[in-house]
Structure formats: C-alpha cells, structure tokens
Amino acid sequence: LVPRVGKHDLPRIARSPEAGALLEQAGVHSYLVVPLIAHGEVLGALDLKRTSNPLPFDEDDVVLATELAGRAAVAIDNARWFQSVRNTALTLQRSLLPDHPPEHTGLELASRYEPAQATSEVGGDWYDVIPLSQDRTALVVGDVMGNGIDAAATMGRLRTATCAYADLELPPAAVLRHLDRITCDLEHYIVTCLYAVYDPHTRSCEIANAGHMPPALVHSGRPPALLDLPTAAPLGVGGIPFETTTVGLDPGDLLVLYTDGLVETRRHPIDDRLDVLLGFLDEPHRPLEETCDLLLHGLRHPDDHDDVALLVARAL
C-alpha cells in the first residue's frame, strides 16, 4: 500500500521508465497491490491505481482488494486446471486418430477432427479408414457419449477393436454386433457408430448403422440426399440386431460420414440443420479438402459444445 505516490515511488511501481512517465502523466497519486494466491502458489498480482478519485487507498481498501484477489485467484487456478485437463484429453484424442493417405484403391478421401470449443471438454468422436483385402476399404465414424479423458480413452479402445474385427473380414452388421458386446462391458458408455465397406470392383458400399446420424450421399447429376438406413440402437444397449444395407457408388459419387456435433445445436431443429448440410454438398466435384472446410465453417458456431469427426469419400 502506497497511500500517496511520489516521484520516487513511480520507478518501483512502473515496469519501465517509459511506463513510469505514463503513470505520472495519468496523474496516479495512490497505489495498492495484492497477490493472487491459490493453494499456496502466487499466480500474479492485482494492481490498483487511483487517478481521478482524490482520496488515497486505505486499510479498508486493502481488505476489499484482498477479498477480490482471493476470489479471482481461485477462478484463475480452476481455469488453468481445466485447460490442462482439456489439453491432455485433446492430445490423447488426436494421437488415437488415424493418419490415412488421401487415396485408397477406388476412393479419394479427406477427413477432419475438430474439438469442442474452450468452454467444453474434449469428447470421444472418431473416424477411421481401414484397408481390407481385395482392394476394399472400411470407413468408420463413431461417437462416444461423454467427454474428457475417459471418453477419449474409450474411443481409443473401440477404435482398436474395430480395426481388429475389420481384419476378420466380417460384414458391417457383424462388426457392430461384436462392438456392441465390448461396449456393454464398458461402464456407463453408450456409443453411436457407422461402419461401411466399399468394394471398388463391384462399386458397391455395404453400410450398417448403430444409432448414428445418417450419412449423406451425392450421386453425380442428382441432388444430395441422406441415406435411409435401418438405424438400430447405439452400441452398449445390448441384444439389438444390426442390418447391412448395400448402396451403389459410381465414379464421382460422394459419401459424407460425420458425427452429430456437425449438425446438432441447442437452438435449431435437427431437420433444418440436415437440410443445410445437404445444401453445402450441391457441388460434388469440389475438391474434398475444400468440402471439409466448407462444412466445418458453414455449420460450426463459436459456442458449439460438441466435437466433430468428419470423413468424406469420393468414388474414383
């Protein structure tokens, strides 16, 4: 506490001679600083200066400033802890996502993962591209309901299991059935998942859905549409049968897989958002990286509370 600031005090208060000159020019005549302390650690300081108010700081101001500093320090410490946990979960999440080549046999691919905004925790959304025998490719998008490190770790376990079952050459419905059993053993987790296998020789795509958002399909020369698939229940419910649907993919056709964070908001009907999604797919020959950016920039908002996994495939 420096009740009355003189010229000899300014060098102690200011960070530099230039700052001292500015404080003198502003008419600083009283000064008070209290530390920001949380859990015994000094995080910073609350720096108060008086110019227009002619009264000097006194002991009552010290009490008030100390109370304000104490509350601010706790809030700042909580924010630092939260950001540290979020960074850990995000690092884990990104390390578990695949780094696939832009092309597999008969397919051109592009993908994105975008975490929730800073006010939310990282979730369990994931995508995968798995090469299979006879030039086939499995495309997977899933969403672990929950957030934080636990959801990211569960996502990693399910992604590993999906790769293992894909190697067994099982049809999509059978893969989801096995994943459902695994998810039932995971405490309190429900997971939506879409699993598709594309065969470039027959130009067909087998798809099974476990409670996930419907993929968008763009046939050349036709308007974009959502695939009408048997939805079934999410993984983890147990005992629900899954069905495999076969659709044709001709050269130039586009298949868009995504998680609900791309289209769901707290303010808009989901049907309206899905119509907006289809509106952004009106040009199927647009470069896929450009399509991914367009979907994210056009559908995401600064306050979105969920993360997004996006996988776009074009038949060659």
# chains A, B, ... in the order shown; residues from 1 in each chain; ligands from 1
$ select_by_dssp --residues "segment 101-259 of chain A" --states "strand (DSSP E)" --output "NGL selection string"
:A and (103-104 or 107-114 or 123-131 or 137-147 or 191-199 or 204-210 or 216-218 or 225-226 or 244-248 or 254-258)
$ residues_around --residues "Val263 of chain A" --least-positions-apart "3" --cutoff "9 Å" --atoms "only C-alpha atoms" --output "PDB file with N, CA, C and O atoms, in the first residue's frame"
ATOM      1  N   TYR A 258     -20.226 -38.290 -40.686  1.00  0.00           N
ATOM      2  CA  TYR A 258     -19.980 -37.210 -39.730  1.00  0.00           C
ATOM      3  C   TYR A 258     -20.587 -37.587 -38.383  1.00  0.00           C
ATOM      4  O   TYR A 258     -21.437 -38.499 -38.294  1.00  0.00           O
ATOM      5  N   THR A 259     -20.172 -36.886 -37.342  1.00  0.00           N
ATOM      6  CA  THR A 259     -20.787 -37.072 -36.025  1.00  0.00           C
ATOM      7  C   THR A 259     -21.769 -35.937 -35.764  1.00  0.00           C
ATOM      8  O   THR A 259     -21.791 -34.914 -36.463  1.00  0.00           O
ATOM      9  N   ASP A 260     -22.601 -36.117 -34.733  1.00  0.00           N
ATOM     10  CA  ASP A 260     -23.715 -35.193 -34.533  1.00  0.00           C
ATOM     11  C   ASP A 260     -23.282 -33.774 -34.191  1.00  0.00           C
ATOM     12  O   ASP A 260     -24.051 -32.823 -34.354  1.00  0.00           O
ATOM     13  N   ILE A 270     -33.180 -30.258 -35.825  1.00  0.00           N
ATOM     14  CA  ILE A 270     -32.174 -31.082 -36.487  1.00  0.00           C
ATOM     15  C   ILE A 270     -32.470 -31.237 -37.977  1.00  0.00           C
ATOM     16  O   ILE A 270     -31.549 -31.278 -38.804  1.00  0.00           O
ATOM     17  N   ARG A 273     -31.035 -28.342 -39.827  1.00  0.00           N
ATOM     18  CA  ARG A 273     -29.582 -28.403 -39.910  1.00  0.00           C
ATOM     19  C   ARG A 273     -29.130 -29.432 -40.950  1.00  0.00           C
ATOM     20  O   ARG A 273     -28.141 -29.219 -41.663  1.00  0.00           O
ATOM     21  N   LEU A 274     -29.848 -30.545 -41.036  1.00  0.00           N
ATOM     22  CA  LEU A 274     -29.503 -31.546 -42.050  1.00  0.00           C
ATOM     23  C   LEU A 274     -29.743 -31.004 -43.451  1.00  0.00           C
ATOM     24  O   LEU A 274     -28.977 -31.306 -44.386  1.00  0.00           O
ATOM     25  N   VAL A 276     -29.370 -27.890 -44.268  1.00  0.00           N
ATOM     26  CA  VAL A 276     -28.228 -27.001 -44.508  1.00  0.00           C
ATOM     27  C   VAL A 276     -27.007 -27.809 -44.926  1.00  0.00           C
ATOM     28  O   VAL A 276     -26.266 -27.434 -45.842  1.00  0.00           O
ATOM     29  N   LEU A 277     -26.792 -28.935 -44.235  1.00  0.00           N
ATOM     30  CA  LEU A 277     -25.675 -29.818 -44.606  1.00  0.00           C
ATOM     31  C   LEU A 277     -25.766 -30.234 -46.067  1.00  0.00           C
ATOM     32  O   LEU A 277     -24.784 -30.140 -46.817  1.00  0.00           O
ATOM     33  N   LEU A 299     -21.202 -24.828 -40.835  1.00  0.00           N
ATOM     34  CA  LEU A 299     -22.125 -25.427 -39.869  1.00  0.00           C
ATOM     35  C   LEU A 299     -21.707 -25.235 -38.413  1.00  0.00           C
ATOM     36  O   LEU A 299     -22.538 -25.327 -37.514  1.00  0.00           O
ATOM     37  N   ARG A 300     -20.417 -24.980 -38.182  1.00  0.00           N
ATOM     38  CA  ARG A 300     -19.956 -24.827 -36.798  1.00  0.00           C
ATOM     39  C   ARG A 300     -20.139 -23.392 -36.323  1.00  0.00           C
ATOM     40  O   ARG A 300     -20.051 -22.442 -37.094  1.00  0.00           O
TER      41      ARG A 300
END
$ residues_around --residues "Pro215 of chain A" --least-positions-apart "3" --cutoff "9 Å" --atoms "only C-alpha atoms" --output "PDB file with C-alpha atoms, in the first residue's frame"
ATOM      1  CA  LEU A 194     -21.455 -46.091 -38.640  1.00  0.00           C
ATOM      2  CA  HIS A 212     -25.672 -42.778 -35.692  1.00  0.00           C
ATOM      3  CA  ALA A 225     -29.738 -36.893 -50.015  1.00  0.00           C
ATOM      4  CA  LEU A 226     -29.481 -38.627 -46.670  1.00  0.00           C
ATOM      5  CA  LEU A 227     -29.241 -42.403 -46.856  1.00  0.00           C
ATOM      6  CA  ASP A 228     -32.299 -44.124 -45.431  1.00  0.00           C
ATOM      7  CA  LEU A 229     -30.663 -46.811 -43.283  1.00  0.00           C
ATOM      8  CA  LEU A 255     -20.264 -40.244 -49.355  1.00  0.00           C
ATOM      9  CA  VAL A 256     -20.149 -37.999 -46.267  1.00  0.00           C
ATOM     10  CA  LEU A 257     -19.869 -39.507 -42.765  1.00  0.00           C
ATOM     11  CA  TYR A 258     -19.980 -37.210 -39.730  1.00  0.00           C
TER      12      TYR A 258
END
$ residues_around --residues "Ile190 of chain A" --least-positions-apart "6" --cutoff "8 Å" --atoms "only C-alpha atoms" --output "list in words"
Val144, Met145, Thr183, Pro234, Leu235, Gly236 and Val237 of chain A
$ write_last_selection --atoms "N, CA and C atoms" --output "tab-separated table (two decimals), in the first residue's frame"
chain	number	residue	atom	x	y	z
A	144	VAL	N	-18.48	-41.54	-28.89
A	144	VAL	CA	-18.67	-41.98	-27.51
A	144	VAL	C	-19.40	-40.87	-26.76
A	145	MET	N	-20.55	-41.18	-26.20
A	145	MET	CA	-21.34	-40.17	-25.48
A	145	MET	C	-20.69	-39.89	-24.14
A	183	THR	N	-18.81	-52.83	-25.86
A	183	THR	CA	-19.30	-51.60	-25.23
A	183	THR	C	-20.16	-51.91	-24.02
A	234	PRO	N	-27.88	-47.64	-30.32
A	234	PRO	CA	-26.43	-47.41	-30.16
A	234	PRO	C	-25.73	-48.62	-29.56
A	235	LEU	N	-24.43	-48.68	-29.75
A	235	LEU	CA	-23.62	-49.72	-29.12
A	235	LEU	C	-23.68	-49.54	-27.60
A	236	GLY	N	-23.74	-50.66	-26.91
A	236	GLY	CA	-23.80	-50.60	-25.46
A	236	GLY	C	-25.17	-50.88	-24.91
A	237	VAL	N	-26.21	-50.82	-25.76
A	237	VAL	CA	-27.56	-51.15	-25.30
A	237	VAL	C	-27.68	-52.66	-25.11
$ residues_around --residues "Thr162 of chain A" --least-positions-apart "3" --cutoff "10 Å" --atoms "only C-alpha atoms" --output "list in words"
Asp128, Ile130, Ala138, Val140, Gly156, Arg157, Leu158, Arg159, Tyr165, Ala166, Asp167, Val175, Leu176, His178, Leu179 and Tyr195 of chain A
$ atom_distance --atom1 "atom CA of Asn87 of chain A" --atom2 "atom CA of Pro115 of chain A"
10.6 Å
$ select_by_dssp --residues "segment 78-316 of chain A" --states "alpha helix (DSSP H)" --output "ChimeraX atom specification"
/A:78-96,149-167,172-184,270-279,288-299
$ residues_around --residues "His201 of chain A" --least-positions-apart "3" --cutoff "10 Å" --atoms "only C-alpha atoms" --output "PyMOL selection string"
chain A and resi 105-106+134-136+198+204
$ residues_around --residues "segment 240-253 of chain A" --least-positions-apart "5" --cutoff "7 Å" --atoms "only C-alpha atoms" --output "number ranges by chain"
A: 172-173, 177, 203-208, 218-220, 229-230, 232-233, 314-316
$ closest_residue --among "A:Pro287, A:Pro200, A:Gly211, A:Pro3" --to "Leu107 of chain A" --atoms "only C-alpha atoms"
A:Pro200
$ closest_residue --among "A:Gly6, A:Ser111, A:Asn209, A:Leu1" --to "Asp60 of chain A" --atoms "only C-alpha atoms"
A:Leu1
$ closest_residue --among "A:Ser30, A:Thr231, A:Asn78, A:Gln25" --to "Leu55 of chain A" --atoms "only C-alpha atoms"
A:Ser30
